[in-house]
Structure formats: structure tokens, C-alpha cells
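Pasted below: input.cif, mmCIF, C-alpha atoms and all ligand atoms.
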data_structure
loop_
_atom_site.group_PDB
_atom_site.id
_atom_site.type_symbol
_atom_site.label_atom_id
_atom_site.label_comp_id
_atom_site.auth_asym_id
_atom_site.auth_seq_id
_atom_site.Cartn_x
_atom_site.Cartn_y
_atom_site.Cartn_z
ATOM 1 C CA MET Q 30 14.263 -9.543 51.857
ATOM 2 C CA ARG Q 31 15.687 -6.044 52.036
ATOM 3 C CA LEU Q 32 15.580 -3.953 48.909
ATOM 4 C CA HIS Q 33 17.899 -1.167 48.044
ATOM 5 C CA LYS Q 34 16.380 2.226 47.576
ATOM 6 C CA TYR Q 35 16.893 2.170 43.780
ATOM 7 C CA GLU Q 36 15.297 -1.317 43.580
ATOM 8 C CA ARG Q 37 12.195 -0.006 45.329
ATOM 9 C CA TRP Q 38 12.182 2.953 42.974
ATOM 10 C CA TRP Q 39 12.305 0.656 39.923
ATOM 11 C CA MET Q 40 9.509 -1.525 41.311
ATOM 12 C CA ALA Q 41 7.328 1.527 41.866
ATOM 13 C CA PHE Q 42 8.184 2.792 38.404
ATOM 14 C CA GLY Q 43 7.344 -0.606 36.840
ATOM 15 C CA LEU Q 44 4.016 -0.836 38.664
ATOM 16 C CA SER Q 45 2.983 2.654 37.671
ATOM 17 C CA MET Q 46 3.878 1.981 34.016
ATOM 18 C CA LEU Q 47 1.799 -1.201 34.204
ATOM 19 C CA ALA Q 48 -1.115 0.801 35.633
ATOM 20 C CA VAL Q 49 -0.827 3.367 32.831
ATOM 21 C CA PHE Q 50 -0.689 0.568 30.242
ATOM 22 C CA LEU Q 51 -3.734 -1.251 31.663
ATOM 23 C CA PHE Q 52 -5.688 1.975 31.887
ATOM 24 C CA THR Q 53 -4.841 2.834 28.271
ATOM 25 C CA ILE Q 54 -5.906 -0.495 26.802
ATOM 26 C CA GLY Q 55 -8.937 -0.616 29.085
ATOM 27 C CA TYR Q 56 -9.992 2.829 27.976
ATOM 28 C CA ALA Q 57 -9.382 1.988 24.301
ATOM 29 C CA ALA Q 58 -11.534 -1.149 24.613
ATOM 30 C CA VAL Q 59 -14.419 0.794 26.188
ATOM 31 C CA ALA Q 60 -14.075 3.652 23.688
ATOM 32 C CA ASP Q 61 -14.269 1.190 20.789
ATOM 33 C CA ASN Q 62 -17.075 -0.720 22.504
ATOM 34 C CA ILE Q 63 -14.993 -3.890 21.854
ATOM 35 C CA ASN Q 64 -16.893 -4.436 18.605
ATOM 36 C CA PRO Q 65 -15.629 -5.087 15.099
ATOM 37 C CA PRO Q 66 -16.275 -2.229 12.674
ATOM 38 C CA SER Q 67 -19.642 -0.947 11.480
ATOM 39 C CA GLY Q 68 -22.512 -2.793 9.944
ATOM 40 C CA LEU Q 69 -22.054 -6.061 11.796
ATOM 41 C CA ARG Q 70 -24.799 -7.915 13.581
ATOM 42 C CA GLN Q 71 -24.260 -10.596 16.195
ATOM 43 C CA ILE Q 72 -25.324 -14.233 15.789
ATOM 44 C CA ASP Q 73 -24.803 -17.300 17.979
ATOM 45 C CA PRO Q 74 -22.337 -19.423 15.962
ATOM 46 C CA GLU Q 75 -23.658 -22.590 17.643
ATOM 47 C CA LYS Q 76 -27.212 -21.886 16.437
ATOM 48 C CA ILE Q 77 -26.766 -20.676 12.851
ATOM 49 C CA ALA Q 78 -28.877 -23.511 11.431
ATOM 50 C CA GLN Q 79 -31.794 -22.464 13.694
ATOM 51 C CA THR Q 80 -31.396 -18.697 13.206
ATOM 52 C CA PRO Q 81 -33.499 -17.165 10.397
ATOM 53 C CA PRO Q 82 -32.685 -16.367 7.664
ATOM 54 C CA PHE Q 83 -29.542 -18.498 7.956
ATOM 55 C CA ASP Q 84 -31.706 -21.571 8.570
ATOM 56 C CA HIS Q 85 -32.408 -21.367 4.808
ATOM 57 C CA PRO Q 86 -29.231 -20.020 3.188
ATOM 58 C CA GLY Q 87 -29.537 -18.685 -0.352
ATOM 59 C CA LEU Q 88 -31.210 -15.966 -2.374
ATOM 60 C CA ARG Q 89 -34.273 -13.948 -1.336
ATOM 61 C CA ARG Q 90 -36.107 -11.500 -3.555
ATOM 62 C CA ILE Q 91 -36.840 -8.258 -1.725
ATOM 63 C CA SER Q 92 -38.364 -6.309 -4.615
ATOM 64 C CA ASP Q 93 -37.878 -6.001 -8.382
ATOM 65 C CA GLY Q 94 -34.145 -6.142 -8.960
ATOM 66 C CA THR Q 95 -33.262 -6.216 -5.262
ATOM 67 C CA TYR Q 96 -32.142 -9.370 -3.531
ATOM 68 C CA GLU Q 97 -30.481 -10.608 -0.387
ATOM 69 C CA ALA Q 98 -28.206 -13.654 -0.289
ATOM 70 C CA TYR Q 99 -27.447 -15.490 2.952
ATOM 71 C CA TYR Q 100 -24.248 -17.521 3.204
ATOM 72 C CA ILE Q 101 -22.673 -19.769 5.794
ATOM 73 C CA ALA Q 102 -18.914 -20.240 5.625
ATOM 74 C CA GLU Q 103 -17.327 -23.257 7.266
ATOM 75 C CA ALA Q 104 -14.117 -25.175 6.772
ATOM 76 C CA PHE Q 105 -13.906 -25.716 3.822
ATOM 77 C CA SER Q 106 -17.030 -24.706 1.898
ATOM 78 C CA PHE Q 107 -19.705 -22.089 1.395
ATOM 79 C CA THR Q 108 -23.432 -22.726 1.592
ATOM 80 C CA PRO Q 109 -24.977 -22.231 -0.937
ATOM 81 C CA GLN Q 110 -22.400 -23.653 -3.349
ATOM 82 C CA THR Q 111 -24.096 -22.065 -6.359
ATOM 83 C CA LEU Q 112 -26.248 -18.947 -6.372
ATOM 84 C CA THR Q 113 -28.202 -18.040 -9.513
ATOM 85 C CA VAL Q 114 -28.864 -14.325 -9.868
ATOM 86 C CA PRO Q 115 -30.783 -12.496 -12.618
ATOM 87 C CA LEU Q 116 -28.828 -10.006 -14.714
ATOM 88 C CA GLY Q 117 -29.062 -6.471 -13.308
ATOM 89 C CA ALA Q 118 -29.879 -7.615 -9.782
ATOM 90 C CA LYS Q 119 -28.567 -5.705 -6.815
ATOM 91 C CA VAL Q 120 -27.624 -8.349 -4.271
ATOM 92 C CA THR Q 121 -26.701 -7.733 -0.652
ATOM 93 C CA PHE Q 122 -24.570 -10.616 0.569
ATOM 94 C CA TYR Q 123 -24.792 -11.594 4.231
ATOM 95 C CA VAL Q 124 -22.238 -14.021 5.589
ATOM 96 C CA THR Q 125 -21.322 -15.615 8.876
ATOM 97 C CA SER Q 126 -19.007 -18.447 9.871
ATOM 98 C CA SER Q 127 -19.756 -21.513 11.941
ATOM 99 C CA ASP Q 128 -16.131 -22.144 12.897
ATOM 100 C CA VAL Q 129 -13.063 -19.987 12.143
ATOM 101 C CA VAL Q 130 -12.531 -16.703 10.286
ATOM 102 C CA HIS Q 131 -12.908 -17.114 6.519
ATOM 103 C CA GLY Q 132 -12.660 -14.707 3.621
ATOM 104 C CA PHE Q 133 -15.564 -13.860 1.323
ATOM 105 C CA PHE Q 134 -14.391 -12.386 -1.957
ATOM 106 C CA ILE Q 135 -16.331 -12.411 -5.218
ATOM 107 C CA ALA Q 136 -13.920 -11.966 -8.109
ATOM 108 C CA LYS Q 137 -14.696 -9.073 -10.513
ATOM 109 C CA THR Q 138 -16.850 -7.330 -7.846
ATOM 110 C CA ASP Q 139 -16.351 -5.059 -4.809
ATOM 111 C CA VAL Q 140 -17.592 -7.777 -2.473
ATOM 112 C CA ASN Q 141 -14.616 -8.391 -0.210
ATOM 113 C CA MET Q 142 -15.228 -9.130 3.446
ATOM 114 C CA MET Q 143 -14.584 -11.455 6.353
ATOM 115 C CA ALA Q 144 -16.819 -14.259 7.569
ATOM 116 C CA ILE Q 145 -16.433 -14.088 11.343
ATOM 117 C CA PRO Q 146 -17.943 -16.554 13.823
ATOM 118 C CA GLY Q 147 -20.476 -14.728 16.001
ATOM 119 C CA TRP Q 148 -21.024 -11.924 13.488
ATOM 120 C CA VAL Q 149 -22.940 -11.256 10.269
ATOM 121 C CA ASN Q 150 -21.100 -9.152 7.727
ATOM 122 C CA SER Q 151 -22.680 -7.677 4.578
ATOM 123 C CA GLU Q 152 -21.828 -5.974 1.292
ATOM 124 C CA SER Q 153 -23.775 -5.266 -1.892
ATOM 125 C CA HIS Q 154 -23.090 -5.556 -5.594
ATOM 126 C CA THR Q 155 -25.130 -4.933 -8.750
ATOM 127 C CA PHE Q 156 -24.443 -7.579 -11.396
ATOM 128 C CA THR Q 157 -24.383 -5.864 -14.784
ATOM 129 C CA HIS Q 158 -22.639 -8.664 -16.710
ATOM 130 C CA LYS Q 159 -23.709 -12.232 -17.346
ATOM 131 C CA GLY Q 160 -21.348 -15.008 -16.395
ATOM 132 C CA THR Q 161 -19.905 -17.131 -13.650
ATOM 133 C CA TYR Q 162 -18.348 -15.286 -10.726
ATOM 134 C CA LEU Q 163 -16.012 -17.137 -8.396
ATOM 135 C CA LEU Q 164 -16.590 -16.680 -4.690
ATOM 136 C CA ILE Q 165 -13.382 -17.527 -2.886
ATOM 137 C CA CYS Q 166 -12.107 -17.715 0.670
ATOM 138 C CA HIS Q 167 -9.140 -15.346 0.694
ATOM 139 C CA GLU Q 168 -8.258 -15.735 4.369
ATOM 140 C CA TYR Q 169 -6.108 -18.713 5.344
ATOM 141 C CA CYS Q 170 -8.361 -21.039 7.346
ATOM 142 C CA GLY Q 171 -6.677 -24.422 7.375
ATOM 143 C CA ILE Q 172 -5.393 -27.319 5.318
ATOM 144 C CA ASP Q 173 -7.986 -27.134 2.500
ATOM 145 C CA HIS Q 174 -8.233 -23.352 2.395
ATOM 146 C CA GLN Q 175 -7.288 -23.273 -1.295
ATOM 147 C CA ASP Q 176 -10.271 -25.515 -2.145
ATOM 148 C CA MET Q 177 -12.818 -23.298 -0.426
ATOM 149 C CA PHE Q 178 -14.885 -21.602 -3.114
ATOM 150 C CA ALA Q 179 -18.370 -21.337 -4.592
ATOM 151 C CA ARG Q 180 -20.018 -19.833 -7.667
ATOM 152 C CA VAL Q 181 -22.413 -17.011 -8.456
ATOM 153 C CA GLU Q 182 -24.134 -17.505 -11.815
ATOM 154 C CA VAL Q 183 -25.545 -14.362 -13.399
ATOM 155 C CA ARG Q 184 -28.114 -15.143 -16.126
HETATM 156 CU CU1 LIG X 201 -11.903 -20.600 4.416
HETATM 157 CU CU2 LIG X 201 -9.720 -20.039 3.691
#

Write the structure described by the file as C-alpha cells, please.
Ligand code: CUA
Amino acid sequence: MRLHKYERWWMAFGLSMLAVFLFTIGYAAVADNINPPSGLRQIDPEKIAQTPPFDHPGLRRISDGTYEAYYIAEAFSFTPQTLTVPLGAKVTFYVTSSDVVHGFFIAKTDVNMMAIPGWVNSESHTFTHKGTYLLICHEYCGIDHQDMFARVEVR
């Protein structure tokens, strides 16, 4: 097949634009280290149940008034379903997902993050009021998304 001069020019132009595009996204991926933003740790989503401390989800006391809470999100529930926290406790929530991306939002607090398979995300909150706090999935994750919630009881 014989190409006209302008056809060859357009092909060369197209290929060089493609090269520029690939270089740009390749460079951006390397520059960002292809990782989600700060503070995340990796976890094998197939082995959550065998990976401490996610093998025993729930609350851990670190020192007086300081706790860590480990959660597993999966369609369509959180483990643990109920977490009981003493009034005044500072709790760092750690969450991962065993299947798809879920939301992790505790109403009336600043805890608002994603539960991402392969990653552990974390945020802290100090509970200064007694009551029941709803933990909800606020990221659409499937047919029963709206029923995916748990409770934090502050006593
Ligand atoms: Cu899980 Cu929406």
C-alpha cells in the first residue's frame, strides 16, 4: 500500500503524540510510586483472617485512654458489628476490605475513609460524648450497600 506524503506525516504525528502520552502517564505513575495516598499499609486481601491483628478484629487497649480498633469490611457488613468504647477514649480505627471498595464513615465524628482491598487505612477520633454512633458504608458497593452498617457504643 502506497501512502501519500500527508498520510505518512499524520501517522508520524500520531505515533509521536502516543509516545508523549505514554511517557507522561508512565512518568506520573513512577513519580507517584503508584500508591494510594499517605498512611496506608499493604495487606494480602486473601489472607486477612490469618494476618494479625486482623485475625482478631475489634478493640485493643494500648494505654490509658488510647485504643486501636481493627475492622474488616466485606459485602455487606463490618466486623466487629458492635464496638464498645469507654467515654473519653482516643481510638485509632484501622480498616481493610476483603472484597470491593467500601466506605467507612462514623456519623458525628471525623472518621471518614475508604476500605480498600489490599490496603489498611486508619483515622483517629476521641469520643467525648456517650451514645451510639453509626458506622456506615458510604461508598456504593453492591445490591445491599444501604444495609451495610455497624455501631460504636460509647459508655
Ligand atoms: Cu459497602 Cu457500600

Show me a table, sorted first by chain and then by increasing residue number, of the residues of chain Q having an atom at most 9 Å from ligand LIG 201 (chain X), each with its shortest atom pair and the distance in Å to one decimal, counting all atoms listed in the file and written as JSON lines.
{"residue": "Q:Ala102", "atom": "CA", "partner": "X:LIG201", "partner_atom": "CU1", "distance": 7.1}
{"residue": "Q:Glu103", "atom": "CA", "partner": "X:LIG201", "partner_atom": "CU1", "distance": 6.7}
{"residue": "Q:Ala104", "atom": "CA", "partner": "X:LIG201", "partner_atom": "CU1", "distance": 5.6}
{"residue": "Q:Phe105", "atom": "CA", "partner": "X:LIG201", "partner_atom": "CU1", "distance": 5.5}
{"residue": "Q:Ser106", "atom": "CA", "partner": "X:LIG201", "partner_atom": "CU1", "distance": 7.0}
{"residue": "Q:Phe107", "atom": "CA", "partner": "X:LIG201", "partner_atom": "CU1", "distance": 8.5}
{"residue": "Q:Val129", "atom": "CA", "partner": "X:LIG201", "partner_atom": "CU1", "distance": 7.8}
{"residue": "Q:Val130", "atom": "CA", "partner": "X:LIG201", "partner_atom": "CU1", "distance": 7.1}
{"residue": "Q:His131", "atom": "CA", "partner": "X:LIG201", "partner_atom": "CU1", "distance": 4.2}
{"residue": "Q:Gly132", "atom": "CA", "partner": "X:LIG201", "partner_atom": "CU1", "distance": 6.0}
{"residue": "Q:Phe133", "atom": "CA", "partner": "X:LIG201", "partner_atom": "CU1", "distance": 8.3}
{"residue": "Q:Ala144", "atom": "CA", "partner": "X:LIG201", "partner_atom": "CU1", "distance": 8.6}
{"residue": "Q:Ile165", "atom": "CA", "partner": "X:LIG201", "partner_atom": "CU2", "distance": 7.9}
{"residue": "Q:Cys166", "atom": "CA", "partner": "X:LIG201", "partner_atom": "CU2", "distance": 4.5}
{"residue": "Q:His167", "atom": "CA", "partner": "X:LIG201", "partner_atom": "CU2", "distance": 5.6}
{"residue": "Q:Glu168", "atom": "CA", "partner": "X:LIG201", "partner_atom": "CU2", "distance": 4.6}
{"residue": "Q:Tyr169", "atom": "CA", "partner": "X:LIG201", "partner_atom": "CU2", "distance": 4.2}
{"residue": "Q:Cys170", "atom": "CA", "partner": "X:LIG201", "partner_atom": "CU2", "distance": 4.0}
{"residue": "Q:Gly171", "atom": "CA", "partner": "X:LIG201", "partner_atom": "CU2", "distance": 6.5}
{"residue": "Q:Ile172", "atom": "CA", "partner": "X:LIG201", "partner_atom": "CU2", "distance": 8.6}
{"residue": "Q:Asp173", "atom": "CA", "partner": "X:LIG201", "partner_atom": "CU2", "distance": 7.4}
{"residue": "Q:His174", "atom": "CA", "partner": "X:LIG201", "partner_atom": "CU2", "distance": 3.9}
{"residue": "Q:Gln175", "atom": "CA", "partner": "X:LIG201", "partner_atom": "CU2", "distance": 6.4}
{"residue": "Q:Asp176", "atom": "CA", "partner": "X:LIG201", "partner_atom": "CU2", "distance": 8.0}
{"residue": "Q:Met177", "atom": "CA", "partner": "X:LIG201", "partner_atom": "CU1", "distance": 5.6}
{"residue": "Q:Phe178", "atom": "CA", "partner": "X:LIG201", "partner_atom": "CU1", "distance": 8.2}

Selection dump of the PyMOL selection byres (((chain Q and resi 151) around 6) and not hetatm), as a PyMOL selection string: chain Q and resi 122-123+150+152

Sel. within 8 Å of pt (-19.6, -13.6, 15.5), counting all atoms listed in the file, output as a count of residues only: 12

Nearest-residue call for Q:Ile77, choices Q:Val124, Q:Met142, Q:Leu116, Q:Ile135, using all atoms listed in the file: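 Answer, going by the shortest atom-to-atom distance: Q:Val124.
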
Axis-aligned box for all listed atoms of stretch 138-141 of chain Q, 3 Å per side, centre and edges in Å to one decimal, as JSON:
{"center_x": -16.1, "center_y": -6.7, "center_z": -4.0, "size_x": 9.0, "size_y": 9.3, "size_z": 13.6}

The PyMOL selection byres (((chain Q and resi 162) around 9) and not hetatm) applied to the shown file, residues as a list in words: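 On the file shown, the PyMOL selection byres (((chain Q and resi 162) around 9) and not hetatm) covers Ile135, Ala136, Lys137, Thr138, Gly160, Thr161, Leu163, Leu164, Ala179, Arg180, Val181, Glu182 and Val183 of chain Q.
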
Would you translate the PyMOL selection byres (((chain Q and resi 119) around 8) and not hetatm) into the concrete set of residues it matches in this file, as an mmCIF file with C-alpha atoms, in the frame of the given file?
data_model
loop_
_atom_site.group_PDB
_atom_site.id
_atom_site.type_symbol
_atom_site.label_atom_id
_atom_site.label_comp_id
_atom_site.auth_asym_id
_atom_site.auth_seq_id
_atom_site.Cartn_x
_atom_site.Cartn_y
_atom_site.Cartn_z
ATOM 1 C CA GLY Q 94 -34.145 -6.142 -8.960
ATOM 2 C CA THR Q 95 -33.262 -6.216 -5.262
ATOM 3 C CA TYR Q 96 -32.142 -9.370 -3.531
ATOM 4 C CA GLY Q 117 -29.062 -6.471 -13.308
ATOM 5 C CA ALA Q 118 -29.879 -7.615 -9.782
ATOM 6 C CA VAL Q 120 -27.624 -8.349 -4.271
ATOM 7 C CA THR Q 121 -26.701 -7.733 -0.652
ATOM 8 C CA SER Q 153 -23.775 -5.266 -1.892
ATOM 9 C CA HIS Q 154 -23.090 -5.556 -5.594
ATOM 10 C CA THR Q 155 -25.130 -4.933 -8.750
ATOM 11 C CA PHE Q 156 -24.443 -7.579 -11.396
#

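Reported to one decimal place, the separation of atom CA of Q:Arg90 from atom CA of Q:Leu112 is 12.7 Å.
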